[in-house]
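What's in coords_1.tsv: TSV, C-alpha atoms
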```tsv
chain	number	residue	atom	x	y	z
A	1	MET	CA	-80.72	23.69	48.49
A	2	VAL	CA	-83.41	21.66	50.15
A	3	LEU	CA	-83.23	18.96	47.49
A	4	ARG	CA	-79.49	18.57	47.96
A	5	ALA	CA	-79.89	18.34	51.73
A	6	LEU	CA	-82.56	15.68	51.33
A	7	LEU	CA	-80.38	13.66	48.96
A	8	ILE	CA	-77.48	13.82	51.41
A	9	ALA	CA	-79.76	12.71	54.23
A	10	ILE	CA	-80.97	9.77	52.14
A	11	CYS	CA	-77.42	8.68	51.34
A	12	ILE	CA	-76.35	8.85	54.98
A	13	SER	CA	-79.46	7.03	56.19
A	14	SER	CA	-79.10	4.33	53.54
A	15	CYS	CA	-75.47	3.77	54.49
A	16	ILE	CA	-76.38	3.46	58.17
A	17	LEU	CA	-79.32	1.11	57.73
A	18	HIS	CA	-78.41	-1.06	54.76
A	19	THR	CA	-74.71	-1.80	55.21
A	20	HIS	CA	-74.86	-3.64	58.51
A	21	GLY	CA	-73.91	-6.96	56.97
A	22	PHE	CA	-71.13	-5.38	54.97
A	23	GLN	CA	-69.84	-3.55	58.06
A	24	GLN	CA	-69.62	-6.87	59.85
A	25	GLN	CA	-67.36	-8.08	57.07
A	26	ILE	CA	-65.03	-5.09	56.90
A	27	ALA	CA	-65.04	-3.86	60.49
A	28	PRO	CA	-62.18	-5.11	62.65
A	29	PRO	CA	-63.14	-7.04	65.77
A	30	LEU	CA	-63.33	-5.00	68.94
A	31	HIS	CA	-61.54	-6.48	71.93
A	32	ARG	CA	-61.42	-3.33	74.03
A	33	LYS	CA	-64.15	-1.70	76.01
A	34	TYR	CA	-64.81	1.96	75.35
A	35	GLU	CA	-66.88	4.31	77.46
A	36	GLY	CA	-67.97	6.20	74.37
A	37	ILE	CA	-66.99	7.21	70.85
A	38	PHE	CA	-65.30	10.34	72.13
A	39	THR	CA	-63.03	10.44	75.15
A	40	ARG	CA	-62.10	13.42	77.23
A	41	TYR	CA	-59.36	15.63	75.84
A	42	HIS	CA	-56.06	15.70	77.67
A	43	PRO	CA	-53.54	18.29	76.43
A	44	SER	CA	-50.65	15.94	77.07
A	45	THR	CA	-52.14	13.35	74.73
A	46	PHE	CA	-51.46	15.25	71.54
A	47	ALA	CA	-48.15	16.45	70.20
A	48	LEU	CA	-49.74	19.28	68.27
A	49	ALA	CA	-50.69	22.22	70.45
A	50	SER	CA	-52.82	25.17	69.50
A	51	SER	CA	-51.03	27.89	67.62
A	52	ASN	CA	-50.24	31.03	69.53
A	53	ASP	CA	-51.93	32.97	66.75
A	54	ASP	CA	-55.32	31.38	67.59
A	55	GLU	CA	-57.16	33.48	70.07
A	56	ASP	CA	-59.14	31.53	72.61
A	57	ILE	CA	-62.84	32.34	72.92
A	58	ASP	CA	-64.17	33.96	76.07
A	59	GLU	CA	-66.20	32.04	78.62
A	60	THR	CA	-69.49	33.71	77.63
A	61	THR	CA	-69.10	32.68	73.99
A	62	ARG	CA	-68.07	29.17	75.04
A	63	THR	CA	-71.19	28.84	77.17
A	64	GLU	CA	-73.43	30.17	74.40
A	65	VAL	CA	-71.94	27.79	71.83
A	66	ARG	CA	-72.39	24.79	74.09
A	67	ASN	CA	-75.95	25.78	74.99
A	68	ILE	CA	-76.89	26.16	71.33
A	69	ALA	CA	-75.18	22.91	70.33
A	70	ASN	CA	-76.83	20.97	73.15
A	71	HIS	CA	-80.22	22.47	72.35
A	72	ILE	CA	-79.98	21.53	68.66
A	73	SER	CA	-78.75	18.03	69.48
A	74	LYS	CA	-81.93	17.42	71.49
A	75	GLN	CA	-84.30	18.56	68.73
A	76	THR	CA	-85.86	16.07	66.35
A	77	LEU	CA	-85.89	16.74	62.64
A	78	GLU	CA	-89.68	17.14	62.77
A	79	SER	CA	-89.41	19.80	65.47
A	80	LEU	CA	-86.78	21.75	63.54
A	81	LEU	CA	-88.57	21.50	60.19
A	82	SER	CA	-91.83	19.62	59.76
A	83	SER	CA	-92.40	17.42	56.73
A	84	SER	CA	-95.23	19.66	55.54
A	85	GLU	CA	-92.93	22.68	55.73
A	86	ALA	CA	-90.21	20.80	53.84
A	87	LYS	CA	-92.69	19.96	51.08
A	88	GLN	CA	-93.94	23.54	50.91
A	89	ILE	CA	-90.39	24.88	50.67
A	90	SER	CA	-89.59	22.45	47.87
A	91	TYR	CA	-92.73	23.53	45.98
A	92	GLU	CA	-91.87	27.21	46.41
A	93	LEU	CA	-88.26	26.79	45.32
A	94	LEU	CA	-88.48	24.02	42.73
A	95	PHE	CA	-91.99	24.26	41.27
A	96	ASN	CA	-92.60	28.00	41.29
A	97	ASN	CA	-94.23	28.98	38.01
A	98	ASN	CA	-95.46	32.45	39.00
A	99	GLU	CA	-92.19	34.34	38.86
A	100	SER	CA	-91.00	35.84	35.59
A	101	SER	CA	-87.44	34.72	36.33
A	102	SER	CA	-86.19	31.85	38.42
A	103	SER	CA	-84.70	32.61	41.82
A	104	ILE	CA	-82.45	29.54	41.56
A	105	PHE	CA	-81.95	28.46	37.96
A	106	ASN	CA	-81.03	31.66	36.14
A	107	ASP	CA	-78.19	32.87	33.92
A	108	LYS	CA	-75.90	33.69	36.85
A	109	THR	CA	-76.34	30.32	38.51
A	110	TYR	CA	-75.82	28.62	35.15
A	111	GLU	CA	-72.49	30.42	34.75
A	112	GLN	CA	-71.41	29.26	38.20
A	113	TYR	CA	-72.73	25.77	37.48
A	114	VAL	CA	-70.59	25.50	34.33
A	115	LYS	CA	-67.60	27.09	36.06
A	116	TYR	CA	-67.49	24.64	38.96
A	117	TRP	CA	-68.45	21.68	36.77
A	118	ASN	CA	-65.37	22.39	34.64
A	119	LYS	CA	-63.22	22.81	37.75
A	120	VAL	CA	-64.28	19.43	39.08
A	121	VAL	CA	-63.72	17.74	35.71
A	122	LYS	CA	-60.29	19.36	35.35
A	123	ARG	CA	-59.30	18.23	38.85
A	124	LEU	CA	-60.44	14.66	38.18
A	125	ARG	CA	-58.60	14.49	34.87
A	126	GLU	CA	-55.40	15.46	36.67
A	127	GLU	CA	-55.72	12.33	38.81
A	128	ASN	CA	-53.83	10.21	36.27
A	129	GLN	CA	-51.62	8.53	38.85
A	130	ARG	CA	-53.93	7.65	41.71
A	131	THR	CA	-56.55	4.92	41.62
A	132	PRO	CA	-59.74	4.64	43.70
A	133	ALA	CA	-57.83	2.18	45.89
A	134	ASP	CA	-55.30	4.91	46.67
A	135	LEU	CA	-58.12	7.10	47.95
A	136	LEU	CA	-59.69	4.29	49.97
A	137	GLY	CA	-56.40	3.11	51.42
A	138	TYR	CA	-54.77	-0.32	51.47
A	139	GLU	CA	-56.63	-1.64	54.52
A	140	LEU	CA	-60.15	-0.64	53.43
A	141	THR	CA	-59.58	-1.85	49.87
A	142	ASN	CA	-58.48	-5.27	51.13
A	143	ARG	CA	-61.50	-5.49	53.42
A	144	ILE	CA	-63.83	-4.67	50.53
A	145	LEU	CA	-62.27	-7.31	48.29
A	146	SER	CA	-62.27	-9.83	51.13
A	147	SER	CA	-65.97	-9.22	51.71
A	148	ILE	CA	-66.72	-9.68	47.99
A	149	ARG	CA	-64.71	-12.92	47.88
A	150	GLY	CA	-66.67	-14.19	50.86
A	151	ASP	CA	-63.64	-14.78	53.07
A	152	GLY	CA	-64.31	-15.84	56.63
A	153	GLU	CA	-67.69	-16.98	57.87
A	154	ASN	CA	-69.71	-15.72	54.89
A	155	SER	CA	-68.80	-17.94	51.94
A	156	SER	CA	-71.49	-16.61	49.60
A	157	PHE	CA	-70.59	-13.99	47.02
A	158	GLY	CA	-74.02	-12.39	47.40
A	159	ALA	CA	-75.92	-13.33	44.22
A	160	ASP	CA	-79.44	-14.70	44.60
A	161	ARG	CA	-81.08	-16.90	41.99
A	162	GLN	CA	-83.67	-14.39	40.78
A	163	THR	CA	-81.08	-11.64	40.26
A	164	VAL	CA	-78.81	-13.90	38.20
A	165	LEU	CA	-81.79	-15.26	36.25
A	166	THR	CA	-83.06	-11.77	35.43
A	167	PHE	CA	-79.63	-10.83	34.08
A	168	LEU	CA	-79.04	-14.01	32.06
A	169	GLU	CA	-82.55	-14.01	30.54
A	170	SER	CA	-82.02	-10.58	28.97
A	171	ASP	CA	-82.14	-10.42	25.17
A	172	ALA	CA	-78.45	-9.57	24.91
A	173	ILE	CA	-77.35	-12.61	26.94
A	174	ASN	CA	-79.80	-14.87	25.06
A	175	SER	CA	-78.32	-13.74	21.75
A	176	LEU	CA	-74.81	-14.24	23.08
A	177	PHE	CA	-75.54	-17.80	24.25
A	178	SER	CA	-77.27	-18.69	20.98
A	179	GLN	CA	-74.44	-17.34	18.84
A	180	LEU	CA	-71.74	-19.06	20.89
A	181	LEU	CA	-73.51	-22.42	20.74
A	182	TYR	CA	-74.24	-22.04	17.03
A	183	ASP	CA	-70.63	-21.18	16.20
A	184	ALA	CA	-69.33	-24.05	18.32
A	185	ILE	CA	-71.59	-26.66	16.73
A	186	PHE	CA	-71.00	-25.46	13.19
A	187	GLU	CA	-67.24	-25.20	13.74
A	188	PHE	CA	-67.23	-28.75	15.10
A	189	THR	CA	-69.06	-29.95	11.97
A	190	LEU	CA	-66.46	-28.35	9.72
A	191	LYS	CA	-63.48	-29.51	11.77
A	192	VAL	CA	-64.62	-33.13	11.91
A	193	ASP	CA	-65.57	-32.90	8.21
A	194	VAL	CA	-68.28	-35.56	8.40
A	195	ILE	CA	-69.45	-34.87	4.85
A	196	GLY	CA	-65.93	-35.06	3.46
A	197	ASN	CA	-65.33	-38.43	5.13
A	198	ILE	CA	-68.55	-39.81	3.68
A	199	ILE	CA	-67.96	-38.50	0.15
A	200	SER	CA	-64.33	-39.65	0.12
A	201	LYS	CA	-65.58	-43.23	0.33
A	202	LEU	CA	-67.81	-42.83	-2.72
A	203	PRO	CA	-66.50	-44.06	-6.13
A	204	LEU	CA	-66.12	-40.57	-7.59
A	205	LEU	CA	-63.27	-39.00	-9.49
A	206	GLY	CA	-61.22	-36.26	-7.87
A	207	PRO	CA	-62.74	-33.17	-9.58
A	208	VAL	CA	-66.25	-34.54	-9.22
A	209	ARG	CA	-65.64	-35.44	-5.59
A	210	ASN	CA	-64.39	-31.92	-4.81
A	211	GLN	CA	-67.38	-30.32	-6.51
A	212	VAL	CA	-69.82	-32.59	-4.66
A	213	LEU	CA	-68.06	-31.83	-1.36
A	214	LYS	CA	-68.21	-28.06	-1.97
A	215	GLU	CA	-71.90	-28.11	-2.88
A	216	SER	CA	-72.72	-30.43	0.02
A	217	LYS	CA	-71.16	-28.07	2.53
A	218	LYS	CA	-73.09	-25.12	1.06
A	219	SER	CA	-76.28	-27.12	1.27
A	220	LEU	CA	-75.48	-28.12	4.85
A	221	ASP	CA	-75.00	-24.48	5.81
A	222	LYS	CA	-78.31	-23.49	4.24
A	223	THR	CA	-80.19	-26.45	5.70
A	224	LEU	CA	-78.50	-26.91	9.07
A	225	GLY	CA	-78.14	-23.19	9.85
A	226	PRO	CA	-81.86	-22.33	10.20
A	227	LEU	CA	-82.63	-25.66	11.88
A	228	LEU	CA	-79.82	-25.17	14.37
A	229	GLN	CA	-80.85	-21.59	15.09
A	230	ARG	CA	-84.46	-22.64	15.75
A	231	PHE	CA	-83.26	-25.40	18.03
A	232	LEU	CA	-80.94	-23.09	19.93
A	233	SER	CA	-83.62	-20.43	20.38
A	234	GLY	CA	-85.44	-22.88	22.66
A	235	TYR	CA	-82.46	-24.70	24.09
A	236	THR	CA	-80.74	-21.47	25.15
A	237	ARG	CA	-83.40	-20.96	27.84
A	238	VAL	CA	-82.62	-24.40	29.21
A	239	ALA	CA	-78.91	-23.68	29.11
A	240	ILE	CA	-79.41	-20.36	30.91
A	241	ARG	CA	-81.37	-21.99	33.74
A	242	GLN	CA	-78.64	-24.58	34.08
A	243	ALA	CA	-76.10	-21.76	34.18
A	244	VAL	CA	-78.08	-20.06	36.95
A	245	ASP	CA	-78.00	-23.22	39.06
A	246	PHE	CA	-74.27	-23.45	38.45
A	247	VAL	CA	-73.64	-19.83	39.43
A	248	VAL	CA	-75.66	-19.77	42.66
A	249	SER	CA	-74.67	-23.21	43.92
A	250	GLU	CA	-72.75	-23.33	47.19
A	251	GLU	CA	-70.03	-25.40	45.56
A	252	ASN	CA	-69.20	-22.61	43.11
A	253	ALA	CA	-69.80	-19.64	45.43
A	254	SER	CA	-66.12	-19.35	46.26
A	255	ALA	CA	-65.06	-19.39	42.59
A	256	PHE	CA	-67.57	-16.71	41.56
A	257	GLY	CA	-66.77	-14.67	44.65
A	258	ALA	CA	-63.12	-14.70	43.61
A	259	ALA	CA	-64.12	-13.72	40.06
A	260	ASN	CA	-66.15	-10.79	41.35
A	261	ALA	CA	-63.29	-9.71	43.60
A	262	LYS	CA	-60.91	-9.87	40.64
A	263	LEU	CA	-63.18	-7.57	38.62
A	264	VAL	CA	-63.66	-5.09	41.47
A	265	GLY	CA	-59.95	-5.26	42.24
A	266	TYR	CA	-59.15	-4.33	38.65
A	267	LEU	CA	-61.58	-1.38	38.77
A	268	LEU	CA	-60.24	-0.14	42.11
A	269	GLU	CA	-56.53	-0.86	41.81
A	270	THR	CA	-55.66	-0.70	38.12
A	271	ARG	CA	-57.71	2.05	36.51
A	272	THR	CA	-56.76	5.57	37.53
A	273	ILE	CA	-59.40	8.09	38.53
A	274	ALA	CA	-58.84	10.00	35.28
A	275	GLU	CA	-59.64	6.87	33.28
A	276	TRP	CA	-63.10	6.74	34.84
A	277	ILE	CA	-63.99	10.15	33.40
A	278	PRO	CA	-65.91	10.05	30.06
A	279	GLU	CA	-64.92	12.05	27.01
A	280	GLU	CA	-65.47	15.80	27.03
A	281	ASP	CA	-68.41	15.73	24.60
A	282	LYS	CA	-70.21	13.13	26.69
A	283	LEU	CA	-69.58	15.08	29.90
A	284	ASN	CA	-70.94	18.26	28.33
A	285	GLU	CA	-74.01	16.32	27.27
A	286	TYR	CA	-74.51	15.10	30.86
A	287	ARG	CA	-74.01	18.64	32.16
A	288	GLU	CA	-76.64	20.11	29.89
A	289	GLU	CA	-79.09	17.27	30.53
A	290	ILE	CA	-78.85	17.82	34.27
A	291	TRP	CA	-79.33	21.57	33.93
A	292	SER	CA	-82.24	21.09	31.54
A	293	TYR	CA	-83.94	18.79	34.03
A	294	LEU	CA	-83.46	21.25	36.91
A	295	VAL	CA	-84.71	24.21	34.89
A	296	GLY	CA	-87.69	22.12	33.79
A	297	LEU	CA	-88.85	21.94	37.40
A	298	GLU	CA	-89.85	25.59	37.23
A	299	THR	CA	-91.30	25.70	33.73
A	300	ASP	CA	-94.71	24.43	32.73
A	301	GLY	CA	-94.12	23.90	29.05
A	302	ASP	CA	-96.84	22.69	26.70
A	303	GLY	CA	-98.63	19.42	26.22
A	304	ASN	CA	-99.82	16.53	28.35
A	305	ASP	CA	-96.41	14.88	28.38
A	306	ASN	CA	-94.89	17.86	30.19
A	307	THR	CA	-97.71	17.84	32.72
A	308	LYS	CA	-97.08	14.16	33.41
A	309	VAL	CA	-93.38	14.85	33.86
A	310	LYS	CA	-94.15	17.68	36.26
A	311	GLU	CA	-96.45	15.49	38.34
A	312	ASP	CA	-93.86	12.74	38.33
A	313	GLN	CA	-91.21	15.16	39.60
A	314	LYS	CA	-93.48	16.36	42.40
A	315	LYS	CA	-94.24	12.76	43.30
A	316	ILE	CA	-90.54	11.97	43.55
A	317	VAL	CA	-89.93	14.98	45.83
A	318	ASN	CA	-92.93	14.07	48.02
A	319	GLN	CA	-91.87	10.44	48.34
A	320	THR	CA	-88.29	11.44	49.12
A	321	ILE	CA	-89.35	13.82	51.89
A	322	GLU	CA	-91.80	11.27	53.33
A	323	TRP	CA	-89.15	8.55	53.26
A	324	VAL	CA	-86.62	10.73	55.07
A	325	TYR	CA	-89.10	11.79	57.74
A	326	ASP	CA	-90.37	8.24	58.24
A	327	LEU	CA	-86.79	7.19	58.79
A	328	VAL	CA	-85.34	9.97	60.95
A	329	GLY	CA	-88.15	12.48	61.47
A	330	ASP	CA	-88.54	11.58	65.14
A	331	LYS	CA	-84.78	11.23	65.74
A	332	CYS	CA	-82.37	13.78	67.13
A	333	TYR	CA	-78.58	13.99	67.14
A	334	GLU	CA	-78.41	12.68	70.71
A	335	ASP	CA	-80.02	9.44	69.55
A	336	VAL	CA	-76.77	8.57	67.78
A	337	GLY	CA	-75.25	8.13	71.23
A	338	VAL	CA	-72.81	11.04	70.99
A	339	CYS	CA	-72.55	13.73	73.64
A	340	VAL	CA	-71.96	17.24	72.29
A	341	ASP	CA	-69.92	18.22	75.37
A	342	ASP	CA	-67.66	15.21	74.84
A	343	ILE	CA	-67.07	16.24	71.23
A	344	LEU	CA	-66.18	19.80	72.18
A	345	ASP	CA	-63.96	18.58	75.03
A	346	THR	CA	-62.18	16.27	72.59
A	347	SER	CA	-61.59	18.99	70.00
A	348	PRO	CA	-60.83	22.44	71.43
A	349	THR	CA	-60.15	23.60	67.87
A	350	LEU	CA	-63.72	22.75	66.88
A	351	GLU	CA	-65.09	24.62	69.89
A	352	ARG	CA	-62.90	27.62	69.14
A	353	SER	CA	-63.98	27.63	65.46
A	354	LEU	CA	-67.66	27.46	66.42
A	355	GLY	CA	-67.11	30.29	68.88
A	356	LYS	CA	-65.56	32.48	66.20
A	357	PHE	CA	-68.39	31.68	63.82
A	358	TRP	CA	-70.96	32.54	66.49
A	359	LYS	CA	-69.25	35.86	67.19
A	360	GLN	CA	-69.27	36.67	63.47
A	361	CYS	CA	-73.00	35.93	63.35
A	362	GLN	CA	-73.60	38.23	66.29
A	363	ASP	CA	-71.52	41.00	64.72
A	364	ALA	CA	-73.36	40.63	61.40
A	365	ALA	CA	-76.75	40.72	63.15
A	366	SER	CA	-75.90	43.88	65.05
A	367	SER	CA	-74.24	45.73	62.18
A	368	THR	CA	-76.17	48.37	60.27
A	369	THR	CA	-76.10	48.59	56.49
```
Transcribe the structure of this file into structure tokens.
Amino acid sequence: MVLRALLIAICISSCILHTHGFQQQIAPPLHRKYEGIFTRYHPSTFALASSNDDEDIDETTRTEVRNIANHISKQTLESLLSSSEAKQISYELLFNNNESSSSIFNDKTYEQYVKYWNKVVKRLREENQRTPADLLGYELTNRILSSIRGDGENSSFGADRQTVLTFLESDAINSLFSQLLYDAIFEFTLKVDVIGNIISKLPLLGPVRNQVLKESKKSLDKTLGPLLQRFLSGYTRVAIRQAVDFVVSEENASAFGAANAKLVGYLLETRTIAEWIPEEDKLNEYREEIWSYLVGLETDGDGNDNTKVKEDQKKIVNQTIEWVYDLVGDKCYEDVGVCVDDILDTSPTLERSLGKFWKQCQDAASSTT
């Protein structure tokens, strides 16, 4: 699907452009000089040789494969598929309202969608021993945690003032701060028992003193409670801003970096992959919501709200395509700095597989049905 290809392109591009600082943290220092990413293949270098069952491709097929691969590597994305063509294809496939039945989102594709969704879920639920750290590997996991802690030259744990302030000023955090302060102050009042100490010095008999003490505490709760809550509603904002200064200060960056690393370490190293998967009912709800959204791309529906949704969906597709083409539309594979011939020299198995695939394409094109 075009939409899936565009999403993959966005993810790859985002990883390349926006993780430079992170890569500096996790990438090992290079002390050796390389001529390129791929080096020439030498049969004696590898212990594993090609199986005798694998037939080598003929020289003509090898030449054709290399010519095609080199030609494609020199083509920009815009030359292979223009942005206007990409938009038109997306409209024809995703926003086609003229057909009586969808060419993409129909009963058969829904059956396959549910089938493979369930397969993926089943496979993930079986991962009750391995954690995400097991998939990432020991070295990469340690580099991630080290980067979060701010080890080395970068001592900051990566939180800016505005981000922390936006989080702490949310209604939920405000309520939490207010309730904690209220409970602390009121608990202190009861523990110290100021009223009891005052009344105990009055010339009252025991039963009278106890009754006065009980009623005084009730009155204090009724009087002090609302006053304290009104005070805290304003003071909480001051406390939050002080908390922000505390969190983002250079003196505490190391401590909060370690706290963040501890949280991420728990998520990566302690919880198994199966524990990340929601309950079955919730997963089914997600599955149906996703399918409903995709099917909705091709249906008009009724009402202004649906029209607005449709226009919003088209806007998202347009902006996505424009973003991708602005980023890599004038780029080709060669711009990465990788030579196709070097890749094929390095991996004879890849060249042989491409050759077989090319021969199958030729056979399919020449066959009669």
Open item on the list: Restricting the calculation to all atoms listed in the file: of A:Ser90, A:Thr63, A:Asn118, A:Ile68, which residue gets closest to Leu283 in chain A?
Closed with: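 For Leu283 in chain A, the nearest of the given residues is A:Asn118.
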Quick one: residues within 12 Å of Ile290 in chain A, all atoms listed in the file counted, chain neighbours fewer than 6 positions away excluded, as a PDB file with C-alpha atoms, in the coordinates of the input?
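Done, and the output landed in result16.pdb:
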```pdb
ATOM      1  CA  PHE A 105     -81.950  28.460  37.960  1.00  0.00           C
ATOM      2  CA  TYR A 110     -75.820  28.620  35.150  1.00  0.00           C
ATOM      3  CA  TYR A 113     -72.730  25.770  37.480  1.00  0.00           C
ATOM      4  CA  VAL A 114     -70.590  25.500  34.330  1.00  0.00           C
ATOM      5  CA  TRP A 117     -68.450  21.680  36.770  1.00  0.00           C
ATOM      6  CA  LEU A 283     -69.580  15.080  29.900  1.00  0.00           C
ATOM      7  CA  ASN A 284     -70.940  18.260  28.330  1.00  0.00           C
ATOM      8  CA  GLY A 296     -87.690  22.120  33.790  1.00  0.00           C
ATOM      9  CA  LEU A 297     -88.850  21.940  37.400  1.00  0.00           C
TER      10      LEU A 297
END
```
Open item on the list: For a test of reading the model, state the distance in Å between CA of Leu165 in chain A and CA of Ser147 in chain A, rounded to one decimal.
Closed with: 22.9 Å
Task: Given only C-alpha atoms as the counted atoms, nearest of A:Ser82, A:Asp56, A:Leu145, A:Ile89 to Ala258 in chain A - done: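 Of all the options, A:Leu145 lies closest to Ala258 in chain A.
At a cut-off of 10 Å from (-93.8, 17.0, 59.7), the residue set is Leu77, Glu78, Ser79, Leu80, Leu81, Ser82, Ser83, Ser84, Glu85, Ala86, Lys87, Ile321, Glu322, Tyr325, Asp326, Gly329 and Asp330 of chain A (counting all atoms listed in the file).
For the set A:Ile273, A:Val164, A:Leu228, A:Ala259, the residue with the smallest atom-to-atom gap to Val244 in chain A is A:Val164, counting only C-alpha atoms.
Put simply, CA of Val295 in chain A is 12.8 Å away from CA of Val309 in chain A.
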- [ ] Take CA of Asn106 in chain A and CA of Cys361 in chain A and report the distance between them in Å, one decimal.
- [x] 28.7 Å
Task: Residue nearest Leu344 in chain A - candidates A:Phe95, A:Ile72, A:Lys119, A:Arg66, atoms counted: all atoms listed in the file - done: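 Closest residue, counting all atoms listed in the file: A:Arg66.
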Task: Residue with smallest distance to Leu224 in chain A - pool A:Thr189, A:Gln360, A:Ser367, A:Thr141, counting all atoms listed in the file - done: A:Thr189
Open item on the list: When you look at Glu334 in chain A with a cut-off of 10 Å (counting only C-alpha atoms), what residues show up, excluding the ones that are within fewer than 3 positions of it in the same chain? I need them as a list in words.
Closed with: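 The residues that qualify are Asn70, Ile72, Ser73, Lys74, Gln75, Thr76, Lys331, Gly337, Val338, Cys339 and Val340 of chain A.
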Range 167-173 of chain A rebuilt with all heavy atoms, output as a short mmCIF file (atom, residue, chain, number, x, y, z; two decimals), keeping the file's coordinate frame:
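rebuild.cif was written with the following content:
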```cif
data_model
loop_
_atom_site.label_atom_id
_atom_site.label_comp_id
_atom_site.auth_asym_id
_atom_site.auth_seq_id
_atom_site.Cartn_x
_atom_site.Cartn_y
_atom_site.Cartn_z
N PHE A 167 -80.73 -11.30 34.92
CA PHE A 167 -79.63 -10.83 34.08
C PHE A 167 -79.42 -11.76 32.88
O PHE A 167 -79.32 -11.30 31.74
CB PHE A 167 -78.36 -10.73 34.90
CG PHE A 167 -77.12 -10.47 34.09
CD1 PHE A 167 -76.90 -9.21 33.54
CD2 PHE A 167 -76.19 -11.47 33.87
CE1 PHE A 167 -75.77 -8.96 32.77
CE2 PHE A 167 -75.06 -11.22 33.11
CZ PHE A 167 -74.85 -9.96 32.56
N LEU A 168 -79.36 -13.06 33.13
CA LEU A 168 -79.04 -14.01 32.06
C LEU A 168 -80.18 -14.15 31.05
O LEU A 168 -79.94 -14.52 29.89
CB LEU A 168 -78.71 -15.37 32.65
CG LEU A 168 -77.41 -15.47 33.46
CD1 LEU A 168 -77.18 -16.88 33.96
CD2 LEU A 168 -76.22 -15.00 32.64
N GLU A 169 -81.42 -13.88 31.45
CA GLU A 169 -82.55 -14.01 30.54
C GLU A 169 -82.77 -12.76 29.69
O GLU A 169 -83.71 -12.70 28.91
CB GLU A 169 -83.83 -14.31 31.32
CG GLU A 169 -83.93 -15.74 31.78
CD GLU A 169 -85.29 -16.08 32.37
OE1 GLU A 169 -85.95 -15.16 32.90
OE2 GLU A 169 -85.69 -17.26 32.31
N SER A 170 -81.91 -11.77 29.81
CA SER A 170 -82.02 -10.58 28.97
C SER A 170 -81.76 -10.94 27.51
O SER A 170 -81.12 -11.96 27.21
CB SER A 170 -81.04 -9.50 29.43
OG SER A 170 -79.71 -9.96 29.29
N ASP A 171 -82.27 -10.13 26.61
CA ASP A 171 -82.14 -10.42 25.17
C ASP A 171 -80.67 -10.48 24.75
O ASP A 171 -80.30 -11.32 23.92
CB ASP A 171 -82.87 -9.34 24.36
CG ASP A 171 -84.38 -9.40 24.55
OD1 ASP A 171 -84.88 -10.46 24.96
OD2 ASP A 171 -85.05 -8.38 24.30
N ALA A 172 -79.86 -9.60 25.31
CA ALA A 172 -78.45 -9.57 24.91
C ALA A 172 -77.74 -10.87 25.29
O ALA A 172 -76.98 -11.44 24.48
CB ALA A 172 -77.75 -8.38 25.58
N ILE A 173 -77.99 -11.36 26.50
CA ILE A 173 -77.35 -12.61 26.94
C ILE A 173 -77.89 -13.79 26.16
O ILE A 173 -77.14 -14.72 25.81
CB ILE A 173 -77.55 -12.80 28.45
CG1 ILE A 173 -76.95 -11.62 29.22
CG2 ILE A 173 -76.92 -14.10 28.91
CD1 ILE A 173 -75.46 -11.44 29.00
#
```
